Amino acid sequence: MVDDPYRVLGISRGASQDEIKKAYRAKSKQCHPDLHPNDPNAAAKMAEVNEAYDMLMNPAKYEKAKAQQQYQQQYQQYQNPYGRGYGQSSSGYSQSGYGQSYGQSNNSGYNDDYYGSYSGSNGWSSNFGWGFGPFGFGFGNFTDGAGSATPPKMPQPMATDSMLVRNAIQAINNRQYQQAVNILNSIVSSQRNARWYYLSAIANGYAGNTVAAMEYIRKAVNLEPNNTEYKNVLMYFQSIAQTYEEESTTSYTSPLKRILPICGSVCLSYSLCSLLTCGRGGYYFCC
Amino acid sequence: MFGYVIANEIDLTEEERSRYRGFYCGLCRTLGERYGQLSRLGLTFDLTFLVIMLSSLYEPEESTGEKACPMHPFKKSSYIQNKFTDYCADLTVALTYYKCLDDWQDEKKPTRKVYADILKKSFEEVRDRRPRQCEVIDRCIAELSEIEGSGGSADEAAGCFGRLMAELFVYEEDFWAEAMRAFGNCLGQFIYLLDAAVDLEEDKKRGEYNPWLCAGTVEEDKIVETLDILMGKATAIFAKLPLVQDEHIMKSALFAGVWLKYAQKLQKQNKKEDMSDKEQANG
């Protein structure tokens with residue numbers, strides 16, 4: 001793991017996202033392997049730059065790796081009371097001013113298994129994807145796309161829940177979202193109450209089924225308008241739409257003029273596209 | 001199903017517009033150069049967007065020029081070409097070929113068969129060069145036909161098209177592949193469902209498959225809200241990529257341009273309703 005992404009990119013702490021991107025581009029131009037065909041370290045240098053960028057843009061992904069690394073180091077310390085040499089880099093346990101997020105560098109082979117997938121050279125770890133999950137929340141990183149809205153609580157079983165419902169709730173809590181969807185879908189329609197819709201909305205949302213998730217949470221709220229948890233889930237899902245719409249209307253001329261916040265009515269203004277179209281099944285000519 | 005990811009030219013500066021058209025013309029030119037005049041029929045804005053996005057991500061060398069083209073015989077247009085116009089020209093041929101075959105199977109339109117035959121040789125070249133993408137296009141088009149034919153759910157259908165787009169957005173399996181796949185997937189789902197929203201009334205009348213009808217989401221505001229979520233996801237991924245070159249052009253497409261066709265459709269609908277209201281009032 002890169003120990004100081006700011007140094008690698010040549011920027012100061014507190015750099016904005018735009019500055020981070022520009023710094024990446026500058027470094028990329030400098031170290032791209034194509035520009036240094038005779039340098040055997042070029043690929044590794046580029047990988048380091050990529051990883052530094054990733055650490056700054058997706059910090060949550062590295063929180064877990066850092067926690068794993070700390071755990072591993074504590075474990076090794078315990079195992080090896082005589083020497084603190086194992087599992088340490090030559091720079092030691094410096095609690096340097098890099099902040100907590102980036103862990104410590106480690107030159108021994110020990111911790112590679114833990115975060116081998118973070119070596120960076122093979123790309124973004126698929127364990128955490130983009131810390132982004134299918135619905136924009138997943139894996140504990142609830143901020144992508146959702147602004148500052150409060151993420152929904154994970155559902156807990158109630159006394160009145162059937163066995164199937166309990167199994168579905170457990171599957172959701174174990175992040176087996178498709179399984180949860182399947183279990184819920186096996187419940188007959190006569191037993192599909194507001195709670196069923198609420199649970200299905202969450203399961204489908206995390207499984208990546210956006211249309212179903214929205215349809216179901218709207219139904220749940222309709223059936224039980226006073227249920228705050230259902231409303232919270234709906235508002236959380238909607239927050240992604242709202243963040244998008246806001247940028248759409250403030251920074252750009254959206255052809256759909258919207259009324260914010262979403263209140264159920266859409267009024268229109270059609271802005272001309274100056275590239276001519278011949279509307280032939282989606283294919284265009286400049287004519 | 002294509003032609004949605006268009007830049008919103010109203011939001012662009014003169015220079016940006018010129019660059020945008022330059023990419024479009026560059027893609028058109030590459031198609032003509034490599035695959036002949038007829039291949040240009042498959043030219044889409046969506047793949048132009050992909051050229052711009054990949055060019056922004058990798059910043060390859062560009063070659064530019066100015067030339068009168070058959071479409072604009074009296075005016076010289078400037079064009080931009082790079083390794084991604086090559087890539088997207090290949091994808092254009094593959095998509096057109098597979099779509100023609102699919103249409104021929106479904107609707108038996110003879111023009112499709114003829115066009116597919118014309119493209120076949122070009123397509124075979126493309127398949128050798130881009131086997132991964134071609135395989136996924138082939139599979140997803142077939143799967144999608146099946147899902148639509150058997151009344152599959154909206155998310156199944158959208159997800160299938162999402163997987164198709166996802167693969168196109170991955171130029172090679174490198175550090176960015178996962179992010180590009182995720183982005184392509186969200187954008188693909190959005191495009192599929194937006195296209196279905198445009199066709200909703202027609203499909204209802206004709207009893208054709210429509211994912212929104214399957215889902216029971218038929219009110220305009222609910223459709224738009226769901227589509228907003230998909231674009232919200234896509235743009236959140238986009239925001240994390242190191243895209244500096246032509247960023248404003250791409251964002252104008254993602255935040256505004258993608259709605260142009262849908263807005264057009266809604267306006268037409270409102271006009272029709274106004275007219276029939278007037279007729280009722282007068283008659």
# chains A, B, ... in the order shown; residues from 1 in each chain; ligands from 1
$ interface_residues --of "chain B" --to "chain A" --cutoff "8 Å" --atoms "only C-alpha atoms" --output "ChimeraX atom specification"
/B:1-4,8-11,41-45,71-72,154-156,174-179,215-217,220-222,225-226,228-233,235-237,240-244,252,255-257,259-260,263-264,266-267
$ select_by_dssp --residues "range 64-255 of chain B" --states "helix (DSSP H, G or I)" --output "PyMOL selection string"
chain B and resi 83-107+110-129+131-149+154-169+177-198+200-206+211-215+220-240+247-255
$ residues_around --residues "Leu95 in chain B" --least-positions-apart "3" --cutoff "9 Å" --atoms "only C-alpha atoms" --output "ChimeraX atom specification"
/B:42,90-92,98-100,134,137-138
$ closest_residue --among "A:Tyr197, A:Tyr62, A:Tyr230, A:Tyr236" --to "Pro151 in chain A" --atoms "only C-alpha atoms"
A:Tyr236
$ atom_distance --atom1 "CA of Gln133 in chain B" --atom2 "CA of Arg181 in chain B"
12.0 Å
$ residues_around --residues "Val51 in chain B" --least-positions-apart "4" --cutoff "8 Å" --atoms "only C-alpha atoms" --output "list in words"
Phe23, Leu47, Ser55, Phe84, Thr85 and Cys88 of chain B
$ write_last_selection --atoms "N, CA and C atoms" --output "short mmCIF file (atom, residue, chain, number, x, y, z; two decimals), in the first residue's frame"
data_model
loop_
_atom_site.label_atom_id
_atom_site.label_comp_id
_atom_site.auth_asym_id
_atom_site.auth_seq_id
_atom_site.Cartn_x
_atom_site.Cartn_y
_atom_site.Cartn_z
N PHE B 23 -15.07 15.16 -32.67
CA PHE B 23 -15.05 13.74 -32.33
C PHE B 23 -16.07 12.96 -33.15
N LEU B 47 -21.68 6.29 -29.06
CA LEU B 47 -20.31 5.83 -29.21
C LEU B 47 -19.36 7.02 -29.36
N SER B 55 -10.88 8.86 -24.42
CA SER B 55 -9.81 9.81 -24.74
C SER B 55 -9.45 10.64 -23.52
N PHE B 84 -9.06 5.64 -30.04
CA PHE B 84 -10.41 5.30 -29.59
C PHE B 84 -11.46 5.52 -30.66
N THR B 85 -11.17 6.36 -31.67
CA THR B 85 -12.11 6.40 -32.79
C THR B 85 -11.99 5.06 -33.53
N CYS B 88 -14.02 2.61 -31.32
CA CYS B 88 -15.47 2.81 -31.39
C CYS B 88 -16.02 2.57 -32.79
#
$ atom_distance --atom1 "CA of Gly162 in chain B" --atom2 "CA of Asp106 in chain B"
21.3 Å
$ residues_around --residues "Leu12 in chain B" --least-positions-apart "4" --cutoff "10 Å" --atoms "only C-alpha atoms" --output "PyMOL selection string"
(chain A and resi 252) or (chain B and resi 7-8+16-18+20+248-249+252)
$ atom_distance --atom1 "CA of Met46 in chain A" --atom2 "CA of Lys66 in chain A"
21.9 Å
$ residues_around --residues "range 110-126 of chain B" --least-positions-apart "3" --cutoff "9 Å" --atoms "only C-alpha atoms" --output "mmCIF file with N, CA, C and O atoms, in the first residue's frame"
data_model
loop_
_atom_site.group_PDB
_atom_site.id
_atom_site.type_symbol
_atom_site.label_atom_id
_atom_site.label_comp_id
_atom_site.auth_asym_id
_atom_site.auth_seq_id
_atom_site.Cartn_x
_atom_site.Cartn_y
_atom_site.Cartn_z
ATOM 1 N N ARG B 34 -12.240 2.814 -42.779
ATOM 2 C CA ARG B 34 -11.951 1.401 -42.515
ATOM 3 C C ARG B 34 -13.002 0.456 -43.055
ATOM 4 O O ARG B 34 -12.681 -0.656 -43.454
ATOM 5 N N TYR B 35 -14.264 0.890 -43.008
ATOM 6 C CA TYR B 35 -15.329 -0.062 -43.310
ATOM 7 C C TYR B 35 -16.256 0.379 -44.438
ATOM 8 O O TYR B 35 -17.283 -0.253 -44.651
ATOM 9 N N GLY B 36 -15.905 1.446 -45.097
ATOM 10 C CA GLY B 36 -16.723 1.838 -46.241
ATOM 11 C C GLY B 36 -17.851 2.777 -45.880
ATOM 12 O O GLY B 36 -18.230 2.919 -44.727
ATOM 13 N N LEU B 38 -21.114 2.756 -46.296
ATOM 14 C CA LEU B 38 -22.370 2.290 -45.691
ATOM 15 C C LEU B 38 -22.256 2.093 -44.184
ATOM 16 O O LEU B 38 -23.248 2.182 -43.466
ATOM 17 N N SER B 39 -21.033 1.830 -43.723
ATOM 18 C CA SER B 39 -20.872 1.590 -42.278
ATOM 19 C C SER B 39 -21.201 2.842 -41.480
ATOM 20 O O SER B 39 -21.544 2.774 -40.306
ATOM 21 N N ASP B 90 -14.913 0.120 -34.575
ATOM 22 C CA ASP B 90 -15.076 -1.330 -34.491
ATOM 23 C C ASP B 90 -16.372 -1.683 -33.776
ATOM 24 O O ASP B 90 -17.155 -2.535 -34.225
ATOM 25 N N LEU B 91 -16.615 -1.043 -32.644
ATOM 26 C CA LEU B 91 -17.830 -1.340 -31.878
ATOM 27 C C LEU B 91 -19.080 -0.999 -32.669
ATOM 28 O O LEU B 91 -20.080 -1.719 -32.605
ATOM 29 N N VAL B 93 -19.518 -1.110 -35.882
ATOM 30 C CA VAL B 93 -19.770 -2.168 -36.857
ATOM 31 C C VAL B 93 -20.362 -3.398 -36.175
ATOM 32 O O VAL B 93 -21.357 -3.968 -36.640
ATOM 33 N N ALA B 94 -19.770 -3.778 -35.042
ATOM 34 C CA ALA B 94 -20.259 -4.965 -34.332
ATOM 35 C C ALA B 94 -21.705 -4.779 -33.898
ATOM 36 O O ALA B 94 -22.558 -5.651 -34.115
ATOM 37 N N THR B 96 -23.992 -2.709 -35.039
ATOM 38 C CA THR B 96 -24.894 -2.645 -36.185
ATOM 39 C C THR B 96 -25.145 -4.034 -36.748
ATOM 40 O O THR B 96 -26.279 -4.406 -37.047
ATOM 41 N N TYR B 97 -24.088 -4.801 -36.875
ATOM 42 C CA TYR B 97 -24.208 -6.139 -37.448
ATOM 43 C C TYR B 97 -25.133 -7.014 -36.615
ATOM 44 O O TYR B 97 -26.078 -7.610 -37.127
ATOM 45 N N TYR B 98 -24.854 -7.079 -35.308
ATOM 46 C CA TYR B 98 -25.665 -7.929 -34.446
ATOM 47 C C TYR B 98 -27.109 -7.447 -34.381
ATOM 48 O O TYR B 98 -28.044 -8.256 -34.363
ATOM 49 N N LYS B 99 -27.297 -6.125 -34.362
ATOM 50 C CA LYS B 99 -28.657 -5.594 -34.287
ATOM 51 C C LYS B 99 -29.437 -5.942 -35.554
ATOM 52 O O LYS B 99 -30.613 -6.290 -35.489
ATOM 53 N N CYS B 100 -28.754 -5.859 -36.706
ATOM 54 C CA CYS B 100 -29.418 -6.195 -37.965
ATOM 55 C C CYS B 100 -29.848 -7.655 -37.975
ATOM 56 O O CYS B 100 -30.969 -7.977 -38.360
ATOM 57 N N LEU B 101 -28.947 -8.527 -37.523
ATOM 58 C CA LEU B 101 -29.285 -9.946 -37.490
ATOM 59 C C LEU B 101 -30.481 -10.180 -36.591
ATOM 60 O O LEU B 101 -31.386 -10.942 -36.913
ATOM 61 N N ASP B 102 -30.460 -9.499 -35.451
ATOM 62 C CA ASP B 102 -31.523 -9.661 -34.474
ATOM 63 C C ASP B 102 -32.851 -9.172 -35.045
ATOM 64 O O ASP B 102 -33.876 -9.838 -34.926
ATOM 65 N N ASP B 103 -32.828 -8.004 -35.690
ATOM 66 C CA ASP B 103 -34.039 -7.461 -36.296
ATOM 67 C C ASP B 103 -34.540 -8.385 -37.392
ATOM 68 O O ASP B 103 -35.744 -8.603 -37.547
ATOM 69 N N TRP B 104 -33.635 -8.932 -38.152
ATOM 70 C CA TRP B 104 -34.006 -9.833 -39.241
ATOM 71 C C TRP B 104 -34.719 -11.059 -38.681
ATOM 72 O O TRP B 104 -35.752 -11.479 -39.178
ATOM 73 N N GLN B 105 -34.175 -11.575 -37.568
ATOM 74 C CA GLN B 105 -34.807 -12.744 -36.953
ATOM 75 C C GLN B 105 -36.178 -12.408 -36.400
ATOM 76 O O GLN B 105 -37.122 -13.167 -36.539
ATOM 77 N N GLU B 107 -38.149 -9.454 -36.947
ATOM 78 C CA GLU B 107 -39.150 -8.746 -37.747
ATOM 79 C C GLU B 107 -39.103 -9.093 -39.225
ATOM 80 O O GLU B 107 -39.938 -8.620 -39.995
ATOM 81 N N ARG B 129 -10.512 -8.659 -33.854
ATOM 82 C CA ARG B 129 -9.789 -7.646 -33.077
ATOM 83 C C ARG B 129 -10.391 -7.441 -31.699
ATOM 84 O O ARG B 129 -9.682 -7.084 -30.761
ATOM 85 N N ARG B 130 -11.694 -7.591 -31.551
ATOM 86 C CA ARG B 130 -12.387 -7.316 -30.270
ATOM 87 C C ARG B 130 -13.247 -8.489 -29.859
ATOM 88 O O ARG B 130 -14.466 -8.373 -29.721
ATOM 89 N N PRO B 131 -12.640 -9.666 -29.641
ATOM 90 C CA PRO B 131 -13.463 -10.851 -29.370
ATOM 91 C C PRO B 131 -14.287 -10.734 -28.093
ATOM 92 O O PRO B 131 -15.445 -11.154 -28.062
ATOM 93 N N CYS B 134 -17.360 -8.476 -28.690
ATOM 94 C CA CYS B 134 -18.300 -9.080 -29.630
ATOM 95 C C CYS B 134 -19.064 -10.216 -28.979
ATOM 96 O O CYS B 134 -20.283 -10.361 -29.172
#
